[in-house]
file entry_32.cif (mmCIF, C-alpha atoms and all ligand atoms)
data_model
loop_
_atom_site.label_atom_id
_atom_site.label_comp_id
_atom_site.auth_asym_id
_atom_site.auth_seq_id
_atom_site.Cartn_x
_atom_site.Cartn_y
_atom_site.Cartn_z
CA MET K 852 46.97 -71.26 210.25
CA SER K 853 48.15 -74.85 210.13
CA GLU K 854 46.20 -75.59 206.92
CA ALA K 855 48.55 -73.29 204.97
CA ARG K 856 50.37 -75.83 202.86
CA THR K 857 50.68 -74.39 199.38
CA VAL K 858 52.94 -71.54 198.33
CA ALA K 859 53.50 -69.63 195.08
CA PHE K 860 56.43 -67.34 194.22
CA HIS K 861 56.95 -64.39 191.92
CA THR K 862 60.42 -62.99 191.28
CA LEU K 863 61.35 -59.53 190.01
CA GLY K 864 64.84 -58.54 188.95
CA CYS K 865 68.15 -60.28 188.53
CA LYS K 866 69.52 -63.84 188.47
CA LEU K 867 70.54 -63.47 192.09
CA ASN K 868 66.90 -62.97 193.04
CA PHE K 869 65.91 -66.00 190.98
CA SER K 870 68.48 -68.17 192.73
CA GLU K 871 67.29 -66.90 196.11
CA THR K 872 63.64 -67.60 195.26
CA SER K 873 64.65 -71.18 194.42
CA ALA K 874 66.39 -71.45 197.78
CA LEU K 875 63.29 -70.09 199.57
CA SER K 876 61.09 -72.57 197.76
CA ARG K 877 63.38 -75.44 198.83
CA LEU K 878 63.30 -74.17 202.43
CA LEU K 879 59.50 -74.11 202.44
CA GLY K 880 59.41 -77.48 200.69
CA GLN K 881 61.27 -78.90 203.70
CA GLU K 882 58.50 -77.43 205.89
CA GLY K 883 55.88 -79.35 203.95
CA PHE K 884 54.71 -76.57 201.63
CA VAL K 885 53.71 -77.68 198.17
CA GLN K 886 54.68 -75.27 195.42
CA ARG K 887 52.06 -73.84 193.06
CA GLU K 888 52.36 -71.62 189.99
CA PHE K 889 51.83 -67.94 190.72
CA THR K 890 48.77 -68.02 188.49
CA GLU K 891 47.19 -70.78 190.62
CA GLU K 892 45.47 -70.64 193.99
CA ALA K 893 47.78 -70.92 196.98
CA ASP K 894 47.67 -70.34 200.73
CA VAL K 895 50.80 -68.21 200.73
CA TYR K 896 52.20 -65.94 198.02
CA VAL K 897 55.77 -64.68 198.19
CA ILE K 898 56.92 -61.79 195.99
CA ASN K 899 60.70 -61.36 195.81
CA THR K 900 61.22 -57.72 194.82
CA CYS K 901 64.03 -55.79 193.17
CA SER K 902 65.20 -52.24 193.77
CA VAL K 903 66.54 -51.76 190.27
CA THR K 904 63.23 -52.46 188.56
CA GLU K 905 61.60 -49.20 187.67
CA ASN K 906 58.18 -48.74 189.28
CA ALA K 907 58.88 -51.57 191.75
CA ASP K 908 56.15 -50.11 193.94
CA ARG K 909 53.53 -50.11 191.19
CA GLU K 910 54.47 -53.57 190.04
CA CYS K 911 54.19 -54.88 193.60
CA ARG K 912 50.76 -53.26 194.10
CA GLN K 913 49.49 -54.79 190.86
CA LEU K 914 50.67 -58.26 191.84
CA VAL K 915 49.07 -58.02 195.29
CA ARG K 916 45.82 -56.79 193.75
CA ARG K 917 45.86 -59.74 191.36
CA ILE K 918 46.37 -62.16 194.27
CA GLN K 919 43.54 -60.56 196.24
CA ARG K 920 41.12 -60.84 193.35
CA ARG K 921 41.90 -64.51 192.86
CA THR K 922 42.49 -65.66 196.44
CA PRO K 923 41.31 -63.03 198.95
CA ASP K 924 42.24 -65.18 201.98
CA ALA K 925 45.81 -65.85 200.90
CA PHE K 926 48.72 -64.73 203.09
CA VAL K 927 50.99 -62.32 201.18
CA VAL K 928 54.71 -61.98 201.94
CA ILE K 929 56.95 -59.38 200.30
CA THR K 930 60.73 -59.74 200.48
CA GLY K 931 63.82 -58.80 198.47
CA CYS K 932 65.69 -55.56 197.85
CA TYR K 933 62.68 -53.28 197.64
CA ALA K 934 61.28 -54.70 200.86
CA GLN K 935 64.56 -53.83 202.58
CA LEU K 936 64.68 -50.31 201.15
CA LYS K 937 61.02 -49.29 201.60
CA PRO K 938 59.41 -51.59 204.20
CA ALA K 939 56.83 -49.05 205.38
CA GLU K 940 55.78 -48.19 201.84
CA ILE K 941 55.27 -51.87 201.05
CA ALA K 942 53.49 -52.58 204.34
CA SER K 943 50.96 -49.89 203.43
CA ILE K 944 49.86 -51.78 200.29
CA PRO K 945 46.40 -53.23 201.07
CA GLY K 946 46.59 -57.02 201.22
CA VAL K 947 50.24 -57.34 202.30
CA ASP K 948 50.58 -59.39 205.50
CA LEU K 949 54.32 -59.65 206.06
CA VAL K 950 57.39 -57.69 204.89
CA LEU K 951 60.72 -59.50 205.27
CA GLY K 952 63.93 -57.47 205.02
CA ALA K 953 67.34 -58.79 203.97
CA ALA K 954 68.19 -60.34 207.35
CA GLU K 955 64.85 -62.14 207.69
CA LYS K 956 64.39 -63.41 204.14
CA PHE K 957 65.89 -66.83 204.85
CA ASN K 958 63.97 -67.13 208.13
CA ILE K 959 60.78 -67.25 206.11
CA ALA K 960 59.86 -70.74 207.34
CA THR K 961 59.92 -69.58 210.98
CA HIS K 962 57.75 -66.57 210.13
CA LEU K 963 55.25 -68.74 208.30
CA ARG K 964 54.97 -71.23 211.14
CA ASP K 965 52.85 -68.83 213.16
CA LEU K 966 51.13 -66.79 210.51
CA THR K 967 48.39 -64.57 211.77
CA ARG K 968 46.63 -62.08 209.63
CA GLY K 969 46.26 -58.57 211.00
CA ASP K 970 44.77 -55.35 209.76
CA SER K 971 48.23 -54.05 208.98
CA ALA K 972 51.30 -55.83 207.68
CA ARG K 973 54.00 -57.03 210.05
CA ILE K 974 57.45 -55.68 209.17
CA CYS K 975 60.46 -57.84 210.02
CA SER K 976 63.43 -55.82 208.96
CA CYS K 977 66.61 -54.35 210.39
CA ASP K 978 69.23 -51.78 209.52
CA ILE K 979 71.14 -53.03 206.49
CA GLY K 980 74.42 -52.41 208.33
CA GLU K 981 73.52 -55.30 210.63
CA VAL K 982 73.03 -57.82 207.82
CA ALA K 983 76.05 -60.08 207.93
CA GLY K 984 75.22 -63.72 207.16
CA PHE K 985 75.67 -65.42 203.82
CA ASN K 986 72.95 -67.74 202.51
CA ALA K 987 73.95 -70.03 199.69
CA SER K 988 71.39 -70.44 196.93
CA PHE K 989 71.05 -71.74 193.43
CA SER K 990 68.34 -71.95 190.82
CA VAL K 991 68.07 -74.67 188.26
CA ASP K 992 67.05 -73.12 184.98
CA ASP K 993 65.80 -75.51 182.34
CA ARG K 994 67.79 -78.26 184.12
CA THR K 995 70.84 -77.69 181.90
CA ARG K 996 72.35 -74.74 183.74
CA THR K 997 72.07 -73.22 187.15
CA PHE K 998 72.79 -69.85 188.72
CA LEU K 999 74.86 -70.40 191.85
CA LYS K 1000 75.15 -67.49 194.28
CA VAL K 1001 78.65 -67.37 195.76
CA GLN K 1002 78.82 -63.74 196.93
CA ASP K 1003 76.34 -61.13 198.16
CA GLY K 1004 76.36 -57.40 198.93
CA CYS K 1005 78.80 -54.70 197.87
CA ASP K 1006 81.27 -52.34 199.59
CA TYR K 1007 81.51 -49.97 196.61
CA THR K 1008 79.73 -46.62 196.57
CA CYS K 1009 78.73 -46.07 192.94
CA THR K 1010 76.65 -42.90 193.10
CA PHE K 1011 73.71 -44.22 191.03
CA CYS K 1012 73.28 -47.52 192.87
CA THR K 1013 70.97 -48.58 195.72
CA ILE K 1014 72.15 -52.19 195.84
CA PRO K 1015 74.54 -51.75 198.81
CA MET K 1016 71.61 -50.24 200.78
CA ALA K 1017 69.37 -53.17 199.85
CA ARG K 1018 71.87 -56.04 200.15
CA GLY K 1019 74.42 -54.82 202.64
CA LYS K 1020 78.17 -55.33 202.88
CA SER K 1021 80.13 -57.63 200.61
CA ARG K 1022 80.30 -61.17 201.94
CA SER K 1023 80.91 -64.58 200.41
CA ASP K 1024 80.58 -68.28 200.76
CA ARG K 1025 83.65 -70.39 201.51
CA ILE K 1026 85.36 -72.16 198.62
CA GLU K 1027 84.78 -75.59 200.15
CA ASN K 1028 81.03 -74.85 200.41
CA VAL K 1029 80.82 -73.69 196.81
CA VAL K 1030 82.66 -76.82 195.67
CA ARG K 1031 80.21 -78.95 197.69
CA GLN K 1032 77.24 -77.21 196.08
CA ALA K 1033 78.75 -77.73 192.63
CA GLN K 1034 79.12 -81.45 193.41
CA ILE K 1035 75.45 -81.62 194.48
CA LEU K 1036 74.43 -79.88 191.26
CA ALA K 1037 76.55 -82.25 189.19
CA GLY K 1038 74.68 -85.10 190.91
CA LYS K 1039 71.41 -83.57 189.73
CA GLY K 1040 72.61 -83.67 186.12
CA VAL K 1041 73.45 -79.96 185.78
CA ARG K 1042 76.12 -79.41 183.10
CA GLU K 1043 76.66 -75.65 183.40
CA ILE K 1044 77.00 -73.36 186.44
CA VAL K 1045 76.80 -69.59 186.19
CA LEU K 1046 78.66 -68.07 189.16
CA THR K 1047 76.54 -65.22 190.48
CA GLY K 1048 76.97 -62.41 192.99
CA VAL K 1049 76.42 -58.69 193.44
CA ASN K 1050 80.14 -57.91 193.15
CA LEU K 1051 81.51 -61.30 192.18
CA GLY K 1052 85.15 -60.27 191.78
CA ASP K 1053 85.11 -59.26 195.45
CA PHE K 1054 84.67 -62.94 196.41
CA GLY K 1055 86.54 -63.78 199.62
CA ARG K 1056 85.32 -60.83 201.67
CA ARG K 1057 83.82 -61.52 205.14
CA GLN K 1058 83.61 -65.28 204.92
CA SER K 1059 82.52 -66.90 208.13
CA GLY K 1060 85.43 -68.39 210.01
CA SER K 1061 88.27 -66.90 207.97
CA GLU K 1062 90.28 -63.70 207.69
CA ASP K 1063 89.62 -61.32 204.81
CA GLY K 1064 91.85 -62.07 201.86
CA GLU K 1065 92.50 -65.75 202.66
CA GLU K 1066 90.42 -66.83 199.68
CA ASP K 1067 89.73 -64.99 196.45
CA PHE K 1068 87.86 -65.36 193.18
CA LEU K 1069 90.84 -66.82 191.32
CA GLY K 1070 91.17 -69.47 194.06
CA LEU K 1071 87.49 -70.28 193.66
CA CYS K 1072 87.89 -70.71 189.88
CA ARG K 1073 90.85 -73.01 190.38
CA ALA K 1074 89.02 -75.12 192.99
CA LEU K 1075 85.94 -75.55 190.78
CA GLU K 1076 88.02 -77.11 188.01
CA SER K 1077 88.16 -80.33 190.01
CA VAL K 1078 84.39 -80.94 190.28
CA ALA K 1079 83.55 -83.97 188.17
CA GLY K 1080 80.43 -83.70 186.02
CA ILE K 1081 80.28 -79.92 185.60
CA ASP K 1082 81.46 -79.22 182.06
CA ARG K 1083 80.94 -75.50 181.96
CA TYR K 1084 81.28 -72.48 184.24
CA ARG K 1085 80.42 -68.91 183.37
CA ILE K 1086 81.23 -65.74 185.30
CA SER K 1087 77.96 -63.81 185.36
CA SER K 1088 79.39 -60.28 185.60
CA ILE K 1089 82.63 -58.90 186.98
CA GLU K 1090 83.91 -55.37 187.64
CA PRO K 1091 86.78 -54.51 185.23
CA ASN K 1092 89.13 -53.51 188.08
CA LEU K 1093 88.59 -56.93 189.71
CA LEU K 1094 88.94 -58.93 186.50
CA SER K 1095 92.66 -59.44 186.98
CA PRO K 1096 95.01 -60.61 184.21
CA GLU K 1097 95.38 -63.86 186.22
CA ILE K 1098 91.63 -64.54 186.07
CA ILE K 1099 91.60 -63.84 182.32
CA GLU K 1100 94.57 -66.20 181.89
CA HIS K 1101 92.86 -68.87 183.99
CA VAL K 1102 89.75 -68.74 181.79
CA ALA K 1103 91.91 -68.84 178.64
CA GLY K 1104 93.71 -71.97 179.86
CA SER K 1105 90.63 -73.72 181.25
CA GLY K 1106 88.56 -76.24 179.38
CA ARG K 1107 85.65 -75.54 181.74
CA PHE K 1108 85.45 -71.77 182.21
CA MET K 1109 83.72 -70.55 179.07
CA PRO K 1110 85.28 -67.80 176.93
CA HIS K 1111 82.51 -65.40 177.83
CA PHE K 1112 82.68 -62.26 179.98
CA HIS K 1113 80.19 -59.65 181.06
CA ILE K 1114 81.98 -56.51 182.22
CA PRO K 1115 80.16 -53.33 183.33
CA LEU K 1116 81.57 -50.17 181.75
CA GLN K 1117 78.71 -47.73 182.51
CA SER K 1118 80.35 -44.82 180.67
CA GLY K 1119 83.16 -44.26 178.19
CA SER K 1120 83.85 -40.78 179.60
CA ASP K 1121 86.42 -40.59 182.39
CA ARG K 1122 84.70 -37.49 183.75
CA ILE K 1123 81.41 -39.38 184.15
CA LEU K 1124 83.16 -42.48 185.54
CA GLY K 1125 84.62 -40.21 188.22
CA LEU K 1126 81.20 -38.77 189.07
CA MET K 1127 79.82 -42.30 189.21
CA ARG K 1128 82.66 -43.21 191.63
CA ARG K 1129 83.59 -46.18 189.51
CA ARG K 1130 86.95 -47.70 190.44
CA TYR K 1131 88.56 -47.69 186.97
CA ARG K 1132 88.89 -45.45 183.97
CA ARG K 1133 88.44 -46.23 180.30
CA ALA K 1134 92.13 -47.01 179.71
CA LEU K 1135 91.99 -49.90 182.19
CA TYR K 1136 88.78 -51.15 180.63
CA ALA K 1137 90.33 -51.12 177.13
CA GLU K 1138 93.39 -52.91 178.51
CA ARG K 1139 91.23 -55.72 179.96
CA ILE K 1140 89.40 -56.19 176.66
CA GLY K 1141 92.73 -56.20 174.80
CA HIS K 1142 94.09 -58.86 177.17
CA ILE K 1143 91.01 -61.08 176.67
CA ARG K 1144 91.18 -60.69 172.91
CA SER K 1145 94.90 -61.49 172.73
CA LEU K 1146 94.28 -64.83 174.47
CA MET K 1147 90.71 -65.60 173.33
CA PRO K 1148 89.94 -63.93 169.99
CA HIS K 1149 86.66 -65.86 169.93
CA ALA K 1150 85.42 -64.78 173.42
CA GLY K 1151 81.91 -63.37 173.79
CA ILE K 1152 82.10 -60.06 175.68
CA GLY K 1153 79.02 -58.20 176.99
CA VAL K 1154 79.10 -54.64 178.32
CA ASP K 1155 76.71 -52.77 180.66
CA VAL K 1156 76.34 -49.07 179.95
CA ILE K 1157 74.10 -46.30 181.35
CA THR K 1158 72.83 -43.37 179.30
CA GLY K 1159 71.86 -39.97 180.68
CA PHE K 1160 73.71 -40.00 184.00
CA PRO K 1161 73.41 -36.47 185.51
CA SER K 1162 75.55 -33.90 183.67
CA GLU K 1163 76.34 -36.28 180.77
CA SER K 1164 76.87 -33.82 177.92
CA ASP K 1165 76.67 -34.48 174.18
CA GLU K 1166 80.47 -34.56 174.23
CA ASP K 1167 80.55 -37.14 177.07
CA PHE K 1168 78.06 -39.31 175.23
CA ARG K 1169 80.03 -39.00 171.98
CA GLU K 1170 83.11 -40.22 173.88
CA THR K 1171 81.14 -43.22 175.16
CA PHE K 1172 79.80 -44.02 171.71
CA GLU K 1173 83.21 -43.78 170.03
CA PHE K 1174 84.91 -45.78 172.77
CA LEU K 1175 82.36 -48.58 172.43
CA HIS K 1176 82.41 -48.36 168.65
CA GLU K 1177 86.15 -49.04 168.61
CA LEU K 1178 86.08 -51.67 171.35
CA ASP K 1179 86.04 -55.29 170.17
CA VAL K 1180 83.05 -56.45 172.23
CA SER K 1181 80.05 -58.60 171.28
CA TYR K 1182 76.95 -56.94 172.72
CA LEU K 1183 75.79 -54.15 175.05
CA HIS K 1184 73.20 -54.07 177.83
CA VAL K 1185 72.01 -50.49 177.75
CA PHE K 1186 70.26 -48.93 180.77
CA THR K 1187 68.62 -45.52 180.88
CA TYR K 1188 69.62 -43.64 184.02
CA SER K 1189 66.75 -43.14 186.46
CA GLU K 1190 66.74 -41.33 189.77
CA ARG K 1191 66.85 -43.46 192.93
CA ASP K 1192 66.07 -42.17 196.42
CA ASP K 1193 69.01 -41.66 198.77
CA THR K 1194 71.70 -41.91 196.09
CA LYS K 1195 74.52 -39.37 195.72
CA ALA K 1196 73.83 -38.97 192.01
CA LEU K 1197 70.74 -36.93 192.90
CA ASP K 1198 73.07 -34.07 193.91
CA ILE K 1199 74.81 -33.97 190.53
CA LYS K 1200 73.45 -31.34 188.17
CA PRO K 1201 72.26 -30.65 185.55
CA VAL K 1202 69.92 -33.58 185.05
CA VAL K 1203 69.66 -34.89 181.51
CA PRO K 1204 66.13 -34.61 180.06
CA VAL K 1205 64.44 -38.02 179.98
CA GLN K 1206 63.91 -37.80 176.25
CA VAL K 1207 67.65 -37.26 175.65
CA ARG K 1208 68.45 -40.22 177.94
CA GLN K 1209 66.15 -42.39 175.86
CA GLU K 1210 67.53 -41.18 172.52
CA ARG K 1211 71.05 -42.01 173.68
CA ASN K 1212 69.82 -45.41 174.83
CA LYS K 1213 68.41 -46.06 171.37
CA THR K 1214 71.66 -45.03 169.69
CA LEU K 1215 73.61 -47.51 171.82
CA ARG K 1216 71.07 -50.26 171.28
CA ASN K 1217 71.57 -49.85 167.55
CA LEU K 1218 75.30 -50.07 168.07
CA SER K 1219 74.78 -53.23 170.13
CA TYR K 1220 72.73 -54.78 167.36
CA MET K 1221 75.52 -54.13 164.85
CA LYS K 1222 78.16 -55.49 167.20
CA LEU K 1223 76.25 -58.68 167.90
CA ARG K 1224 75.65 -59.21 164.22
CA HIS K 1225 79.28 -58.62 163.38
CA PHE K 1226 80.39 -60.97 166.19
CA THR K 1227 78.02 -63.72 165.09
CA GLU K 1228 78.93 -63.41 161.41
CA ARG K 1229 82.60 -63.59 162.29
CA HIS K 1230 81.94 -67.13 163.56
CA ALA K 1231 79.92 -68.35 160.60
CA GLY K 1232 81.32 -71.64 159.32
CA GLN K 1233 83.13 -72.42 162.59
CA THR K 1234 82.32 -75.50 164.64
CA ARG K 1235 81.64 -74.70 168.30
CA PRO K 1236 80.30 -76.75 171.25
CA VAL K 1237 76.63 -76.08 172.02
CA LEU K 1238 74.85 -77.17 175.22
CA PHE K 1239 71.30 -77.92 174.08
CA GLU K 1240 68.33 -77.22 176.35
CA HIS K 1241 65.18 -79.22 177.02
CA GLN K 1242 62.37 -77.30 175.40
CA ASP K 1243 60.87 -78.43 172.14
CA ARG K 1244 59.89 -75.10 170.55
CA ASP K 1245 57.76 -76.04 167.56
CA GLY K 1246 60.18 -78.77 166.56
CA MET K 1247 63.28 -76.68 167.32
CA MET K 1248 65.72 -76.71 170.24
CA GLU K 1249 68.07 -74.01 171.48
CA GLY K 1250 71.36 -73.70 173.29
CA TYR K 1251 74.48 -71.57 173.72
CA THR K 1252 77.91 -72.02 172.27
CA ASP K 1253 80.90 -71.76 174.61
CA ASN K 1254 81.26 -68.09 173.60
CA TYR K 1255 77.56 -67.34 174.09
CA ILE K 1256 76.10 -67.44 170.61
CA ARG K 1257 72.48 -68.58 170.71
CA VAL K 1258 71.88 -71.52 168.37
CA ARG K 1259 68.63 -73.03 167.07
CA ALA K 1260 68.53 -76.53 165.65
CA PRO K 1261 65.85 -79.10 164.73
CA PHE K 1262 64.79 -80.87 167.96
CA ARG K 1263 66.52 -84.18 168.71
CA ALA K 1264 65.71 -85.79 172.07
CA GLU K 1265 69.16 -87.39 172.33
CA TRP K 1266 70.81 -83.92 172.25
CA VAL K 1267 68.94 -82.59 175.29
CA ASN K 1268 71.44 -81.55 178.00
CA GLN K 1269 74.29 -82.71 175.75
CA ILE K 1270 77.21 -80.73 174.40
CA VAL K 1271 77.22 -81.10 170.62
CA ASP K 1272 79.84 -79.80 168.19
CA TRP K 1273 77.79 -77.62 165.92
CA ARG K 1274 78.76 -75.93 162.66
CA LEU K 1275 77.52 -72.34 162.80
S1 LIG D 1 79.77 -52.21 192.13
FE1 LIG D 1 78.65 -50.27 192.10
S2 LIG D 1 76.94 -50.69 190.68
FE2 LIG D 1 77.72 -52.70 191.32
S3 LIG D 1 76.49 -53.25 193.11
FE3 LIG D 1 78.32 -52.25 193.89
S4 LIG D 1 77.72 -50.09 194.13
FE4 LIG D 1 76.19 -51.07 192.79
#
call {"tool": "encode", "arguments": {"input": "entry_32.cif", "output": "structure tokens"}}
result
Amino acid sequence: MSEARTVAFHTLGCKLNFSETSALSRLLGQEGFVQREFTEEADVYVINTCSVTENADRECRQLVRRIQRRTPDAFVVITGCYAQLKPAEIASIPGVDLVLGAAEKFNIATHLRDLTRGDSARICSCDIGEVAGFNASFSVDDRTRTFLKVQDGCDYTCTFCTIPMARGKSRSDRIENVVRQAQILAGKGVREIVLTGVNLGDFGRRQSGSEDGEEDFLGLCRALESVAGIDRYRISSIEPNLLSPEIIEHVAGSGRFMPHFHIPLQSGSDRILGLMRRRYRRALYAERIGHIRSLMPHAGIGVDVITGFPSESDEDFRETFEFLHELDVSYLHVFTYSERDDTKALDIKPVVPVQVRQERNKTLRNLSYMKLRHFTERHAGQTRPVLFEHQDRDGMMEGYTDNYIRVRAPFRAEWVNQIVDWRL
């Protein structure tokens, strides 16, 4: 199928998936493929799936059906977390030609060199325990900031999570490679890098050519300070037990690491945290927030939380609500618990009725709204640096302050990709 020269991508899920899709598109670009929009006709369509997305299966089927209606002869490849977890289920979707698991994802160019369409999809997958390599990737979002993957996989065993089954063991890039990538990005005019990983604070694990523990996340932060041209770094999300006081102090003393943290809490009840097999309890979480606030009163702090984990009682939820209510954080990302195949949480009883899960979600979303409002109002009148983006949205432009407040201003071409001191 040597005439196959155009490719279109669709990405589901997190920033990590987006950065990997960008890497796949660059790989295929080197093979001579020209990229098309997903809504356009192409010879090859690649869907990068997610295991966290609810109804991943249905979403995938719908996308394949849409491709088939528009371009019945196109070659359809499914990869990503869901493809690793449920290859047979995906291969059974009519119209799918190739399923690439975690180990094969970055060999996509080789697989596409000899594409042949069959009656049933070819599955190229292996046991997740065998997935060991690290593939660096980054995505350039709006040309002002980029998501740079520095770590992949996770060794933790949180009972609600399928990510370790989809992405394998924790492994990382080497510091010198990350620094090199940052230099390349600086050369492309990128001003801000968001460091991304599955369990970012675990950086340093299973790097090729070095012993475990030789390099760590703090060392990475220190090394990145020296890259000329990158003005801003953000830490996408970090487990509270791995966000050491030294990392917090580094960010506080750095002109480049932004005063902005995203720290998963998941529950404010120690009983539920235990059942989730999280590696901290609420006291440690509160201590970390206190440490950040003592050094960076202005820091933006986001929190992930799950409602309706099995056996979460009204009392457990009240504890979570009150804990978060008292905690000086800026916003919440609230997830409703949903059952995932092969997770330990399925054995925990009683299950919380879906309606109760959703009501609790709504209560926390209201709390988040109030927190964000309070946080933003607290900064009214202050002058903070804003990195403005490219889009002209009806005469307005947008950007983020250092501490992650979204700002809108009348569009000025000379401010695009510039850091401007802005009075809030
Ligand atoms: S830390 Fe827990 S929730 Fe996060 S990826 Fe690892 S197992 Fe999943």
call {"tool": "residues_near_ligand", "arguments": {"input": "entry_32.cif", "ligand": "ligand LIG 1 (chain D)", "cutoff": "9 Å", "atoms": "all atoms listed in the file", "output": "JSON, numbers by chain"}}
result
{"K": [1004, 1005, 1006, 1007, 1008, 1009, 1010, 1011, 1012, 1013, 1014, 1015, 1018, 1021, 1049, 1050, 1089, 1090, 1115, 1117, 1127, 1128, 1129, 1130]}
call {"tool": "write_last_selection", "arguments": {"input": "entry_32.cif", "atoms": "C-alpha atoms", "output": "mmCIF file, keeping the file's coordinate frame"}}
result
data_model
loop_
_atom_site.group_PDB
_atom_site.id
_atom_site.type_symbol
_atom_site.label_atom_id
_atom_site.label_comp_id
_atom_site.auth_asym_id
_atom_site.auth_seq_id
_atom_site.Cartn_x
_atom_site.Cartn_y
_atom_site.Cartn_z
ATOM 1 C CA GLY K 1004 76.360 -57.400 198.930
ATOM 2 C CA CYS K 1005 78.800 -54.700 197.870
ATOM 3 C CA ASP K 1006 81.270 -52.340 199.590
ATOM 4 C CA TYR K 1007 81.510 -49.970 196.610
ATOM 5 C CA THR K 1008 79.730 -46.620 196.570
ATOM 6 C CA CYS K 1009 78.730 -46.070 192.940
ATOM 7 C CA THR K 1010 76.650 -42.900 193.100
ATOM 8 C CA PHE K 1011 73.710 -44.220 191.030
ATOM 9 C CA CYS K 1012 73.280 -47.520 192.870
ATOM 10 C CA THR K 1013 70.970 -48.580 195.720
ATOM 11 C CA ILE K 1014 72.150 -52.190 195.840
ATOM 12 C CA PRO K 1015 74.540 -51.750 198.810
ATOM 13 C CA ARG K 1018 71.870 -56.040 200.150
ATOM 14 C CA SER K 1021 80.130 -57.630 200.610
ATOM 15 C CA VAL K 1049 76.420 -58.690 193.440
ATOM 16 C CA ASN K 1050 80.140 -57.910 193.150
ATOM 17 C CA ILE K 1089 82.630 -58.900 186.980
ATOM 18 C CA GLU K 1090 83.910 -55.370 187.640
ATOM 19 C CA PRO K 1115 80.160 -53.330 183.330
ATOM 20 C CA GLN K 1117 78.710 -47.730 182.510
ATOM 21 C CA MET K 1127 79.820 -42.300 189.210
ATOM 22 C CA ARG K 1128 82.660 -43.210 191.630
ATOM 23 C CA ARG K 1129 83.590 -46.180 189.510
ATOM 24 C CA ARG K 1130 86.950 -47.700 190.440
#
call {"tool": "closest_residue", "arguments": {"input": "entry_32.cif", "among": "K:Ala1264, K:Val1207, K:Ala859, K:Ile1270", "to": "Met1248 of chain K", "atoms": "only C-alpha atoms"}}
result
K:Ala1264
call {"tool": "closest_residue", "arguments": {"input": "entry_32.cif", "among": "K:Trp1273, K:Tyr1220, K:Phe860, K:Tyr1136", "to": "His1184 of chain K", "atoms": "all atoms listed in the file"}}
result
K:Tyr1220
call {"tool": "atom_distance", "arguments": {"input": "entry_32.cif", "atom1": "atom CA of Asp924 of chain K", "atom2": "atom CA of Val947 of chain K"}}
result
11.2 Å
call {"tool": "atom_distance", "arguments": {"input": "entry_32.cif", "atom1": "atom CA of Ala1134 of chain K", "atom2": "atom CA of Leu1178 of chain K"}}
result
11.3 Å
call {"tool": "atom_distance", "arguments": {"input": "entry_32.cif", "atom1": "atom CA of Val1267 of chain K", "atom2": "atom CA of Thr890 of chain K"}}
result
28.2 Å
call {"tool": "closest_atom_pairs", "arguments": {"input": "entry_32.cif", "of": "segment 1101-1186 of chain K", "to": "segment 1208-1211 of chain K", "cutoff": "8 Å", "atoms": "only C-alpha atoms", "output": "tab-separated table"}}
result
residue	atom	partner	partner_atom	distance
K:Thr1158	CA	K:Arg1208	CA	5.6
K:Gly1159	CA	K:Arg1208	CA	4.4
K:Phe1168	CA	K:Arg1211	CA	7.7
call {"tool": "closest_residue", "arguments": {"input": "entry_32.cif", "among": "K:Asn868, K:Phe889, K:Leu1223, K:Phe1108", "to": "Cys932 of chain K", "atoms": "all atoms listed in the file"}}
result
K:Asn868
call {"tool": "residues_around", "arguments": {"input": "entry_32.cif", "residues": "Lys1222 of chain K", "least_positions_apart": "2", "cutoff": "10 Å", "atoms": "all atoms listed in the file", "output": "PyMOL selection string"}}
result
chain K and resi 1175-1176+1178-1183+1216-1220+1224-1228
call {"tool": "residues_around", "arguments": {"input": "entry_32.cif", "residues": "Leu1238 of chain K", "least_positions_apart": "6", "cutoff": "6 Å", "atoms": "all atoms listed in the file", "output": "mmCIF file with C-alpha atoms, in the coordinates of the input"}}
result
data_model
loop_
_atom_site.group_PDB
_atom_site.id
_atom_site.type_symbol
_atom_site.label_atom_id
_atom_site.label_comp_id
_atom_site.auth_asym_id
_atom_site.auth_seq_id
_atom_site.Cartn_x
_atom_site.Cartn_y
_atom_site.Cartn_z
ATOM 1 C CA GLY K 1250 71.360 -73.700 173.290
ATOM 2 C CA TYR K 1251 74.480 -71.570 173.720
ATOM 3 C CA GLN K 1269 74.290 -82.710 175.750
ATOM 4 C CA ILE K 1270 77.210 -80.730 174.400
#
call {"tool": "closest_residue", "arguments": {"input": "entry_32.cif", "among": "K:Val1258, K:Leu867, K:Cys975, K:Ala907", "to": "Pro938 of chain K", "atoms": "all atoms listed in the file"}}
result
K:Cys975
call {"tool": "closest_residue", "arguments": {"input": "entry_32.cif", "among": "K:Lys1039, K:Arg1169, K:Lys1200, K:Arg856", "to": "Asn1268 of chain K", "atoms": "all atoms listed in the file"}}
result
K:Lys1039
call {"tool": "axis_aligned_box", "arguments": {"input": "entry_32.cif", "around": "segment 1202-1218 of chain K", "padding_each_side": "5 Å", "output": "AutoDock Vina command-line options"}}
result
--center_x 69.6 --center_y -41.9 --center_z 176.3 --size_x 21.4 --size_y 26.7 --size_z 27.5
call {"tool": "residues_around", "arguments": {"input": "entry_32.cif", "residues": "Val1185 of chain K", "least_positions_apart": "6", "cutoff": "6 Å", "atoms": "all atoms listed in the file", "output": "ChimeraX atom specification"}}
result
/K:1155-1157
call {"tool": "closest_residue", "arguments": {"input": "entry_32.cif", "among": "K:Leu949, K:Ile941, K:Leu1075, K:Ile959", "to": "Arg877 of chain K", "atoms": "only C-alpha atoms"}}
result
K:Ile959
